[in-house]
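Here's input.cif, which has mmCIF, C-alpha atoms:
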```
data_structure
#
loop_
_atom_site.label_atom_id
_atom_site.label_comp_id
_atom_site.auth_asym_id
_atom_site.auth_seq_id
_atom_site.Cartn_x
_atom_site.Cartn_y
_atom_site.Cartn_z
CA MET T 93 0.00 0.00 0.00
CA TRP T 94 2.81 2.36 0.98
CA ARG T 95 4.47 1.66 -2.38
CA SER T 96 1.30 2.49 -4.37
CA VAL T 97 0.85 5.84 -2.55
CA HIS T 98 4.45 6.74 -3.29
CA ARG T 99 3.96 5.86 -7.02
CA CYS T 100 0.84 8.02 -7.08
CA ARG T 101 2.76 11.03 -5.68
CA ARG T 102 5.54 10.50 -8.19
CA ARG T 103 2.96 10.53 -11.03
CA ASP T 104 1.55 13.86 -9.69
CA ASN T 105 5.03 15.42 -9.74
CA GLU T 106 5.80 14.27 -13.28
CA GLY T 107 5.46 16.95 -15.98
CA PHE T 108 5.45 19.78 -13.44
CA ALA T 109 8.84 21.35 -14.27
CA LEU T 110 8.40 21.70 -18.03
CA PRO T 111 5.07 23.62 -18.04
CA LEU T 112 6.41 25.86 -15.29
CA ALA T 113 9.57 26.58 -17.33
CA VAL T 114 7.50 27.25 -20.46
CA ALA T 115 5.18 29.62 -18.59
CA GLY T 116 8.11 31.42 -16.94
CA SER T 117 9.95 31.77 -20.24
CA MET T 118 6.86 33.10 -22.00
CA LEU T 119 6.36 35.64 -19.23
CA LEU T 120 9.97 36.80 -19.43
CA LEU T 121 9.93 37.07 -23.23
CA LEU T 122 6.59 38.86 -23.26
CA SER T 123 7.68 41.45 -20.72
CA SER T 124 10.98 42.13 -22.50
CA SER T 125 9.17 42.33 -25.86
CA SER T 126 6.74 44.89 -24.48
CA LEU T 127 9.71 46.93 -23.22
CA GLN T 128 11.20 46.81 -26.69
CA MET T 129 7.89 47.83 -28.24
CA LEU T 130 7.82 50.82 -25.90
CA ALA T 131 11.36 51.80 -26.90
CA LEU T 132 10.49 51.48 -30.61
CA HIS T 133 7.33 53.52 -30.11
CA ASN T 134 9.38 56.24 -28.38
CA ARG T 135 11.86 56.29 -31.24
CA THR T 136 9.10 56.52 -33.85
CA GLN T 137 7.43 59.37 -31.93
CA LEU T 138 10.76 61.21 -31.74
CA ALA T 139 11.40 60.78 -35.45
CA ARG T 140 7.89 62.08 -36.21
CA GLN T 141 8.38 65.05 -33.89
CA HIS T 142 11.73 65.85 -35.47
CA ARG T 143 10.18 65.73 -38.95
CA ARG T 144 7.42 68.07 -37.80
CA LEU T 145 9.97 70.51 -36.37
CA GLN T 146 11.87 70.43 -39.66
CA ILE T 147 8.64 71.26 -41.52
CA GLU T 148 8.12 74.18 -39.13
CA ASP T 149 11.71 75.29 -39.83
CA THR T 150 11.15 75.18 -43.58
CA LEU T 151 7.95 77.20 -43.32
CA ALA T 152 9.54 79.73 -40.92
CA SER T 153 12.47 80.14 -43.33
CA ALA T 154 9.99 80.51 -46.18
CA ALA T 155 8.18 83.24 -44.22
CA HIS T 156 11.41 85.21 -43.75
CA GLN T 157 12.28 84.78 -47.40
CA GLN T 158 8.78 85.82 -48.47
CA ILE T 159 8.80 88.89 -46.23
CA ALA T 160 12.18 89.94 -47.63
CA ARG T 161 10.87 89.56 -51.18
CA LEU T 162 7.68 91.48 -50.37
CA ALA T 163 9.72 94.26 -48.79
CA GLU T 164 11.99 94.44 -51.83
CA HIS T 165 9.51 94.03 -54.68
CA GLY T 166 5.98 94.49 -53.31
CA SER T 167 6.00 96.64 -50.21
CA CYS T 168 2.91 98.46 -51.48
CA LEU T 169 1.04 95.13 -51.24
CA LEU T 170 1.67 94.80 -47.49
CA GLY T 171 -1.47 96.75 -46.59
CA LEU T 172 -3.74 94.87 -49.00
CA ASP T 173 -5.58 91.55 -48.87
CA GLN T 174 -4.15 88.91 -51.24
CA ALA T 175 -7.39 89.03 -53.27
CA GLN T 176 -6.59 92.68 -54.14
CA TRP T 177 -2.99 92.08 -55.16
CA SER T 178 -3.76 91.48 -58.85
CA ALA T 179 -5.62 94.78 -59.12
CA ALA T 180 -2.93 96.68 -57.21
CA ALA T 181 0.04 95.11 -58.99
CA ALA T 182 0.15 97.76 -61.73
CA ASP T 183 0.34 100.57 -59.15
CA CYS T 184 3.31 98.78 -57.58
CA ALA T 185 5.04 98.49 -60.95
CA LEU T 186 4.61 94.71 -60.90
CA SER T 187 3.74 92.70 -64.00
CA ALA T 188 1.38 89.71 -63.75
CA GLU T 189 4.37 87.36 -64.04
CA ALA T 190 6.29 89.23 -61.36
CA LEU T 191 3.26 89.07 -59.07
CA ALA T 192 2.87 85.32 -59.70
CA THR T 193 6.60 84.80 -58.96
CA LEU T 194 6.26 86.90 -55.82
CA GLN T 195 3.61 84.55 -54.49
CA GLN T 196 5.75 81.43 -54.60
CA GLY T 197 9.30 80.49 -53.74
CA GLN T 198 11.74 77.82 -52.74
CA VAL T 199 13.65 77.08 -49.55
CA GLY T 200 16.28 74.39 -50.05
CA ALA T 201 14.56 71.58 -51.90
CA ASP T 202 11.05 72.60 -50.80
CA THR T 203 8.74 74.85 -52.76
CA TYR T 204 6.06 76.99 -51.15
CA ARG T 205 3.31 79.42 -52.08
CA VAL T 206 1.43 82.21 -50.34
CA ALA T 207 -1.89 80.59 -49.40
CA ALA T 208 -3.34 83.72 -47.81
CA TYR T 209 -2.42 87.26 -46.79
CA ARG T 210 -4.81 89.33 -44.71
CA PRO T 211 -4.05 92.78 -43.28
CA LEU T 212 -5.43 93.34 -39.78
CA GLY T 213 -6.28 96.57 -38.02
CA GLY T 214 -8.31 98.09 -40.86
CA ASP T 215 -8.21 101.49 -42.58
CA PRO T 216 -6.55 103.91 -42.34
CA GLN T 217 -3.92 102.26 -40.18
CA VAL T 218 -2.99 98.64 -40.87
CA THR T 219 -0.95 97.55 -37.88
CA SER T 220 -0.46 93.88 -38.61
CA ALA T 221 -1.16 91.16 -41.14
CA GLU T 222 -1.54 87.43 -41.24
CA LEU T 223 0.51 85.49 -43.75
CA GLU T 224 -0.25 81.85 -44.50
CA LEU T 225 2.25 79.75 -46.44
CA GLN T 226 1.77 76.30 -47.90
CA LEU T 227 4.50 73.85 -48.80
CA GLY T 228 4.42 72.12 -52.16
CA GLY T 229 4.77 68.36 -52.56
CA SER T 230 2.65 65.46 -51.45
CA GLN T 231 2.14 66.70 -47.88
CA SER T 232 1.24 70.35 -48.30
CA TRP T 233 1.71 71.59 -44.75
CA ARG T 234 0.43 75.10 -44.00
CA ALA T 235 1.62 77.51 -41.34
CA GLY T 236 0.48 80.95 -40.24
CA PHE T 237 2.58 84.01 -39.32
CA ARG T 238 1.59 87.32 -37.78
CA LEU T 239 3.48 90.28 -39.23
CA SER T 240 3.69 93.48 -37.22
CA LEU T 241 3.71 96.45 -39.59
CA ALA T 242 4.77 100.03 -39.16
CA PRO T 243 4.26 103.01 -41.44
CA ALA T 244 7.20 103.85 -43.67
CA ALA T 245 7.49 107.20 -45.40
CA ALA T 246 8.23 106.11 -48.94
CA ALA T 247 7.18 102.50 -49.12
CA GLY T 248 3.88 102.72 -47.27
CA LEU T 249 4.42 99.94 -44.75
CA ARG T 250 7.33 97.91 -43.49
CA VAL T 251 7.58 94.74 -41.42
CA ILE T 252 8.98 95.18 -37.91
CA ALA T 253 8.38 91.71 -36.43
CA VAL T 254 7.25 88.21 -37.38
CA GLN T 255 5.47 85.90 -35.00
CA GLU T 256 4.92 82.22 -35.75
CA LEU T 257 1.34 81.07 -35.33
CA GLY T 258 2.17 77.39 -35.82
CA LEU T 259 1.28 74.67 -38.27
CA ARG T 260 -2.29 74.57 -39.53
CA GLY T 261 -2.36 71.04 -40.85
CA VAL T 262 -2.17 69.80 -44.38
CA GLY T 263 -3.70 71.97 -47.08
CA ALA T 264 -5.76 70.90 -50.05
CA MET C 124 9.87 14.58 -12.39
CA ASN C 125 12.73 12.84 -14.11
CA LEU C 126 16.19 14.06 -14.96
CA ALA C 127 15.46 14.61 -18.68
CA GLU C 128 12.49 16.84 -17.88
CA VAL C 129 14.53 18.88 -15.43
CA ILE C 130 17.33 19.33 -17.98
CA VAL C 131 14.92 20.38 -20.78
CA ALA C 132 12.97 22.74 -18.50
CA SER C 133 16.05 24.40 -17.04
CA SER C 134 17.73 24.86 -20.44
CA LEU C 135 14.51 26.34 -21.84
CA PHE C 136 14.20 28.71 -18.91
CA LEU C 137 17.86 29.71 -19.04
CA SER C 138 17.76 30.46 -22.77
CA ALA C 139 14.57 32.50 -22.26
CA CYS C 140 16.35 34.40 -19.48
CA GLY C 141 19.28 35.10 -21.79
CA GLY C 142 17.02 36.29 -24.62
CA ALA C 143 14.94 38.46 -22.30
CA ALA C 144 18.07 40.01 -20.79
CA GLN C 145 19.41 40.81 -24.25
CA ILE C 146 16.14 42.33 -25.43
CA GLY C 147 15.80 44.22 -22.13
CA SER C 148 19.28 45.70 -22.33
CA SER C 149 18.84 46.81 -25.96
CA SER C 150 15.48 48.38 -25.01
CA ALA C 151 17.06 50.19 -22.07
CA GLN C 152 19.83 51.43 -24.35
CA ALA C 153 17.27 52.65 -26.91
CA MET C 154 15.28 54.42 -24.16
CA ALA C 155 18.43 56.11 -22.85
CA GLN C 156 19.28 57.22 -26.40
CA SER C 157 15.76 58.59 -26.83
CA ARG C 158 16.07 60.53 -23.57
CA HIS C 159 19.39 61.96 -24.76
CA GLN C 160 17.82 62.92 -28.10
CA ILE C 161 14.95 64.67 -26.30
CA ASP C 162 17.51 66.66 -24.27
CA VAL C 163 19.38 67.63 -27.45
CA MET C 164 16.14 68.58 -29.22
CA GLU C 165 15.18 70.79 -26.28
CA THR C 166 18.60 72.48 -26.31
CA ILE C 167 18.32 73.14 -30.04
CA GLU C 168 14.78 74.45 -29.63
CA ALA C 169 16.01 76.79 -26.87
CA GLN C 170 18.62 78.15 -29.29
CA LEU C 171 15.98 78.86 -31.92
CA LEU C 172 13.64 80.43 -29.39
CA ALA C 173 16.46 82.72 -28.23
CA VAL C 174 17.02 84.19 -31.70
CA ALA C 175 14.14 86.68 -31.68
CA PRO C 176 14.80 88.01 -28.11
CA VAL C 177 18.52 88.40 -28.90
CA LEU C 178 17.82 90.40 -32.04
CA GLN C 179 14.91 92.39 -30.63
CA GLY C 180 16.96 93.25 -27.55
CA ALA C 181 19.81 94.45 -29.70
CA ALA C 182 17.72 96.03 -32.45
CA HIS C 183 17.84 99.48 -30.82
CA ASP C 184 21.53 99.63 -31.60
CA GLY C 185 20.93 100.38 -35.23
CA PRO C 186 17.99 99.80 -37.58
CA ALA C 187 19.21 100.40 -41.11
CA HIS C 188 18.28 100.50 -44.73
CA ASP C 189 21.12 98.29 -45.89
CA CYS C 190 19.97 94.64 -45.59
CA GLY C 191 23.45 93.23 -46.30
CA GLY C 192 24.93 95.18 -43.39
CA ALA C 193 21.97 94.27 -41.19
CA ALA C 194 22.46 90.57 -42.00
CA GLN C 195 26.14 90.81 -41.00
CA TRP C 196 25.19 92.58 -37.80
CA MET C 197 22.57 89.86 -37.08
CA GLN C 198 25.15 87.15 -37.66
CA GLN C 199 27.56 88.75 -35.21
CA GLN C 200 24.87 89.38 -32.59
CA LEU C 201 23.69 85.77 -32.76
CA ALA C 202 27.23 84.36 -32.67
CA SER C 203 27.97 86.29 -29.48
CA ALA C 204 24.62 86.24 -27.66
CA LEU C 205 23.04 82.83 -28.26
CA PRO C 206 23.22 80.51 -25.23
CA PRO C 207 26.13 78.06 -25.04
CA LEU C 208 25.70 74.60 -26.52
CA PRO C 209 26.20 71.24 -24.80
CA PRO C 210 29.20 69.18 -25.98
CA GLY C 211 28.69 67.57 -29.37
CA VAL C 212 26.02 69.97 -30.63
CA GLU C 213 27.30 72.22 -33.40
CA ARG C 214 26.07 75.65 -34.42
CA GLN C 215 26.85 77.27 -37.73
CA LEU C 216 25.90 80.79 -38.66
CA SER C 217 26.45 81.90 -42.21
CA LEU C 218 25.21 84.51 -44.62
CA ALA C 219 22.76 83.35 -47.28
CA ALA C 220 20.80 84.77 -50.23
CA GLY C 221 23.69 86.90 -51.45
CA GLY C 222 24.53 88.14 -47.96
CA GLN C 223 21.00 89.46 -47.36
CA GLN C 224 19.91 86.75 -44.92
CA VAL C 225 21.39 84.62 -42.13
CA MET C 226 21.29 80.84 -42.03
CA LEU C 227 21.43 79.15 -38.64
CA VAL C 228 22.21 75.42 -38.67
CA LEU C 229 22.20 73.34 -35.49
CA ARG C 230 23.16 69.67 -35.56
CA SER C 231 24.04 66.89 -33.18
CA PRO C 232 26.25 63.84 -33.81
CA ASP C 233 23.26 61.48 -33.67
CA GLY C 234 21.71 63.02 -36.78
CA LEU C 235 19.40 65.71 -35.41
CA ARG C 236 19.54 68.76 -37.64
CA ARG C 237 17.58 72.00 -37.62
CA GLU C 238 18.18 74.92 -39.94
CA ARG C 239 16.47 78.26 -40.29
CA LEU C 240 16.84 81.22 -42.53
CA TYR C 241 16.40 84.66 -40.97
CA SER C 242 15.92 87.87 -42.86
CA PRO C 243 16.75 91.20 -41.17
CA VAL C 244 13.52 92.49 -42.75
CA GLY C 245 11.54 90.18 -40.43
CA PHE C 246 13.01 91.94 -37.40
CA GLY C 247 12.52 95.45 -38.71
CA LEU C 248 16.27 95.86 -39.14
CA CYS C 249 16.08 96.91 -42.78
CA GLY C 250 13.70 97.23 -45.71
CA GLY C 251 12.28 100.48 -44.43
CA PRO C 252 12.47 104.05 -45.65
CA ALA C 253 15.66 105.09 -47.38
CA ASP C 254 16.53 107.78 -44.84
CA LEU C 255 17.55 105.36 -42.08
CA PRO C 256 21.24 105.38 -41.19
CA GLN C 257 23.57 102.75 -42.62
CA PHE C 258 24.78 99.88 -40.42
CA PRO C 259 28.41 99.95 -39.41
CA GLN C 260 29.98 97.53 -41.90
CA GLU C 261 31.77 94.71 -40.12
CA SER C 262 33.33 91.97 -42.21
CA GLY C 263 34.09 88.36 -41.32
CA ASP C 264 32.17 85.11 -41.20
CA ALA C 265 31.10 84.73 -37.59
CA SER C 266 30.58 81.02 -37.15
CA SER C 267 30.64 79.31 -33.77
#
```

Show how you would write the structure in this file as structure tokens.
Amino acid sequence: MWRSVHRCRRRDNEGFALPLAVAGSMLLLLSSSSLQMLALHNRTQLARQHRRLQIEDTLASAAHQQIARLAEHGSCLLGLDQAQWSAAAADCALSAEALATLQQGQVGADTYRVAAYRPLGGDPQVTSAELELQLGGSQSWRAGFRLSLAPAAAAGLRVIAVQELGLRGVGA
Amino acid sequence: MNLAEVIVASSLFLSACGGAAQIGSSSAQAMAQSRHQIDVMETIEAQLLAVAPVLQGAAHDGPAHDCGGAAQWMQQQLASALPPLPPGVERQLSLAAGGQQVMLVLRSPDGLRRERLYSPVGFGLCGGPADLPQFPQESGDASS
């Protein structure tokens, strides 16, 4: 009888180590895999954030370039809405081609265009304006900029400060 | 429980431990690298955010009509007044667009790179009426 009880206990203990090892191993591998997933997710998020910052840089550079070109070639347009630029171009000694060129540009490998320009503050004194630029290419990111304007004797208005208003998503 | 089962189970568990330790250490390394990259990105962002205050604070020294001179002045102001960089991060300031604008490039050894173009017109330093005084012309490529 004592022998049969002992055999029974031995049968209960058989096959106990292997399932325990498998379960422990699975647990270890799963937890380390989830750590790795977290690290990969972090890296992807960082890469995406860096790309977004680079887009902001491109658009901010484009804004400075555009403002410099407006100051040089179209300072009389600074007080007018973009919709009025075509009508006012002749008064500013700008041809239709020159006006079209003035509304687009290139920073590095990226092209951009003026998506909108709205003076703020109203007549007679325009004190600021909102400039919206859109990148060319497959992802046409847009960004807004607030220009502070001051009266200038000869040229009408001049830019005294630029404030970034941030990205406004992807344009149509 | 026989000897064969114990050997198989222990070798399985040990190899899983080894694999998990390897994956864990590479994950920890990647997380530490990400943290370092975040620190570098913040430092670079701080540099870019400091540009406008540096120039606006110094703008009283001499608004001018000459954009080339204003760009040179901007380059020198930024080279001297931007906050110091942590080791490894590089800053390059150069004139662009025929000397009418300033290009600021910031990069780290692990591949982070930010670059911005600044026009003196955007800070009210030039592009105004023709009767403004000329900037004192200072030559030299101020890179740091």

Pull the closest atom pair for each residue of chain T that gets at most 6 Å from chain C, along with the distance in Å to one decimal, counting only C-alpha atoms, ordering rows by chain and then ascending residue number, as a Markdown table.
```
| residue | atom | partner | partner_atom | distance |
| --- | --- | --- | --- | --- |
| T:Asn105 | CA | C:Met124 | CA | 5.6 |
| T:Glu106 | CA | C:Met124 | CA | 4.2 |
| T:Leu110 | CA | C:Ala132 | CA | 4.7 |
| T:Ala113 | CA | C:Ala132 | CA | 5.3 |
| T:Ser117 | CA | C:Ala139 | CA | 5.1 |
| T:Leu120 | CA | C:Ala143 | CA | 6.0 |
| T:Leu121 | CA | C:Ala143 | CA | 5.3 |
| T:Ser124 | CA | C:Gly147 | CA | 5.3 |
| T:Gln128 | CA | C:Ser150 | CA | 4.9 |
| T:Ala131 | CA | C:Met154 | CA | 5.5 |
| T:Asp149 | CA | C:Arg239 | CA | 5.6 |
| T:Ser153 | CA | C:Leu240 | CA | 4.6 |
| T:His156 | CA | C:Ser242 | CA | 5.3 |
| T:Ala160 | CA | C:Val244 | CA | 5.7 |
| T:Ala163 | CA | C:Gly250 | CA | 5.8 |
| T:Ala244 | CA | C:Pro252 | CA | 5.6 |
| T:Ala245 | CA | C:Pro252 | CA | 5.9 |
| T:Ala246 | CA | C:Pro252 | CA | 5.7 |
| T:Arg250 | CA | C:Gly251 | CA | 5.7 |
| T:Val251 | CA | C:Gly247 | CA | 5.7 |
| T:Ile252 | CA | C:Gly247 | CA | 3.6 |
| T:Ala253 | CA | C:Phe246 | CA | 4.7 |
| T:Val254 | CA | C:Gly245 | CA | 5.6 |
```

In terms of the shortest atom-to-atom distance over all atoms listed in the file, which of T:Gly229, T:Gly197, T:Gly116, T:Gly107 is closest to Ala155 (chain T)?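 Of T:Gly229, T:Gly197, T:Gly116, T:Gly107, the one nearest Ala155 (chain T) is T:Gly197, counting all atoms listed in the file.
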
Do you have the CA of Ala175 (chain T)-CA of Gln195 (chain T) distance handy? 11.9 Å

Enumerate, as number ranges by chain, the residues matched when the PyMOL selection byres ((chain C and resi 211) around 10) is run on the file above. C: 163, 208-210, 212-214, 230-233

Quick one: of C:Ala202, C:Ala127, C:Ala173, C:Gly180, who's nearest to Ser217 (chain C), counting all atoms listed in the file?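 Looking only at the distances to Ser217 (chain C), the closest residue turns out to be C:Ala202.
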
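Counting only C-alpha atoms, the residue from T:His133, T:Arg234, T:His165, T:His142 that sits nearest to Tyr204 (chain T) is T:Arg234.
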
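Interatomic distance, CA of Leu205 (chain C) to CA of Leu227 (chain C): 11.1 Å.
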
If I take CA of Ala235 (chain T) and CA of Tyr209 (chain T), how far is one from the other in Å, to one decimal?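 So the answer is 11.9 Å.
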
I want to know what sits within 12 Å of Leu186 (chain T), based on only C-alpha atoms, with residues of the same chain fewer than 3 positions away left out; could you give that as a ChimeraX atom specification? /T:162,164-169,177-183,189-194

At the level of C-alpha atoms, write region 131-222 of chain T to a file as an mmCIF file, in the first residue's frame, please.
```cif
data_model
loop_
_atom_site.group_PDB
_atom_site.id
_atom_site.type_symbol
_atom_site.label_atom_id
_atom_site.label_comp_id
_atom_site.auth_asym_id
_atom_site.auth_seq_id
_atom_site.Cartn_x
_atom_site.Cartn_y
_atom_site.Cartn_z
ATOM 1 C CA ALA T 131 11.360 51.798 -26.902
ATOM 2 C CA LEU T 132 10.493 51.476 -30.606
ATOM 3 C CA HIS T 133 7.325 53.515 -30.113
ATOM 4 C CA ASN T 134 9.379 56.242 -28.384
ATOM 5 C CA ARG T 135 11.859 56.287 -31.237
ATOM 6 C CA THR T 136 9.096 56.523 -33.849
ATOM 7 C CA GLN T 137 7.431 59.365 -31.931
ATOM 8 C CA LEU T 138 10.758 61.210 -31.735
ATOM 9 C CA ALA T 139 11.397 60.782 -35.451
ATOM 10 C CA ARG T 140 7.889 62.076 -36.211
ATOM 11 C CA GLN T 141 8.376 65.054 -33.891
ATOM 12 C CA HIS T 142 11.733 65.851 -35.475
ATOM 13 C CA ARG T 143 10.179 65.725 -38.954
ATOM 14 C CA ARG T 144 7.421 68.072 -37.803
ATOM 15 C CA LEU T 145 9.969 70.509 -36.375
ATOM 16 C CA GLN T 146 11.871 70.427 -39.657
ATOM 17 C CA ILE T 147 8.640 71.264 -41.523
ATOM 18 C CA GLU T 148 8.124 74.185 -39.129
ATOM 19 C CA ASP T 149 11.712 75.294 -39.827
ATOM 20 C CA THR T 150 11.147 75.179 -43.576
ATOM 21 C CA LEU T 151 7.951 77.201 -43.316
ATOM 22 C CA ALA T 152 9.539 79.732 -40.923
ATOM 23 C CA SER T 153 12.474 80.135 -43.325
ATOM 24 C CA ALA T 154 9.992 80.514 -46.176
ATOM 25 C CA ALA T 155 8.180 83.238 -44.216
ATOM 26 C CA HIS T 156 11.410 85.210 -43.745
ATOM 27 C CA GLN T 157 12.280 84.783 -47.401
ATOM 28 C CA GLN T 158 8.778 85.817 -48.473
ATOM 29 C CA ILE T 159 8.804 88.891 -46.228
ATOM 30 C CA ALA T 160 12.182 89.942 -47.628
ATOM 31 C CA ARG T 161 10.866 89.558 -51.179
ATOM 32 C CA LEU T 162 7.681 91.475 -50.372
ATOM 33 C CA ALA T 163 9.722 94.263 -48.794
ATOM 34 C CA GLU T 164 11.985 94.445 -51.833
ATOM 35 C CA HIS T 165 9.513 94.031 -54.675
ATOM 36 C CA GLY T 166 5.984 94.485 -53.315
ATOM 37 C CA SER T 167 5.995 96.644 -50.210
ATOM 38 C CA CYS T 168 2.911 98.464 -51.482
ATOM 39 C CA LEU T 169 1.037 95.131 -51.236
ATOM 40 C CA LEU T 170 1.670 94.802 -47.486
ATOM 41 C CA GLY T 171 -1.470 96.752 -46.594
ATOM 42 C CA LEU T 172 -3.744 94.870 -48.998
ATOM 43 C CA ASP T 173 -5.577 91.550 -48.874
ATOM 44 C CA GLN T 174 -4.146 88.913 -51.239
ATOM 45 C CA ALA T 175 -7.387 89.034 -53.267
ATOM 46 C CA GLN T 176 -6.591 92.679 -54.137
ATOM 47 C CA TRP T 177 -2.987 92.078 -55.158
ATOM 48 C CA SER T 178 -3.764 91.482 -58.848
ATOM 49 C CA ALA T 179 -5.621 94.783 -59.116
ATOM 50 C CA ALA T 180 -2.933 96.682 -57.207
ATOM 51 C CA ALA T 181 0.035 95.107 -58.990
ATOM 52 C CA ALA T 182 0.148 97.756 -61.730
ATOM 53 C CA ASP T 183 0.342 100.565 -59.149
ATOM 54 C CA CYS T 184 3.308 98.780 -57.576
ATOM 55 C CA ALA T 185 5.043 98.488 -60.954
ATOM 56 C CA LEU T 186 4.614 94.711 -60.896
ATOM 57 C CA SER T 187 3.739 92.698 -64.000
ATOM 58 C CA ALA T 188 1.376 89.712 -63.753
ATOM 59 C CA GLU T 189 4.372 87.359 -64.041
ATOM 60 C CA ALA T 190 6.294 89.229 -61.360
ATOM 61 C CA LEU T 191 3.259 89.069 -59.069
ATOM 62 C CA ALA T 192 2.874 85.321 -59.699
ATOM 63 C CA THR T 193 6.595 84.801 -58.959
ATOM 64 C CA LEU T 194 6.262 86.899 -55.824
ATOM 65 C CA GLN T 195 3.609 84.551 -54.492
ATOM 66 C CA GLN T 196 5.749 81.430 -54.596
ATOM 67 C CA GLY T 197 9.297 80.494 -53.741
ATOM 68 C CA GLN T 198 11.743 77.820 -52.741
ATOM 69 C CA VAL T 199 13.650 77.078 -49.553
ATOM 70 C CA GLY T 200 16.278 74.389 -50.046
ATOM 71 C CA ALA T 201 14.557 71.576 -51.899
ATOM 72 C CA ASP T 202 11.050 72.602 -50.803
ATOM 73 C CA THR T 203 8.742 74.850 -52.759
ATOM 74 C CA TYR T 204 6.062 76.986 -51.148
ATOM 75 C CA ARG T 205 3.312 79.422 -52.077
ATOM 76 C CA VAL T 206 1.434 82.209 -50.339
ATOM 77 C CA ALA T 207 -1.888 80.594 -49.404
ATOM 78 C CA ALA T 208 -3.338 83.720 -47.811
ATOM 79 C CA TYR T 209 -2.421 87.259 -46.793
ATOM 80 C CA ARG T 210 -4.806 89.333 -44.712
ATOM 81 C CA PRO T 211 -4.049 92.778 -43.275
ATOM 82 C CA LEU T 212 -5.435 93.335 -39.778
ATOM 83 C CA GLY T 213 -6.283 96.569 -38.022
ATOM 84 C CA GLY T 214 -8.312 98.092 -40.863
ATOM 85 C CA ASP T 215 -8.214 101.491 -42.577
ATOM 86 C CA PRO T 216 -6.546 103.913 -42.343
ATOM 87 C CA GLN T 217 -3.919 102.261 -40.183
ATOM 88 C CA VAL T 218 -2.992 98.636 -40.874
ATOM 89 C CA THR T 219 -0.947 97.548 -37.876
ATOM 90 C CA SER T 220 -0.463 93.876 -38.606
ATOM 91 C CA ALA T 221 -1.157 91.158 -41.141
ATOM 92 C CA GLU T 222 -1.544 87.428 -41.240
#
```
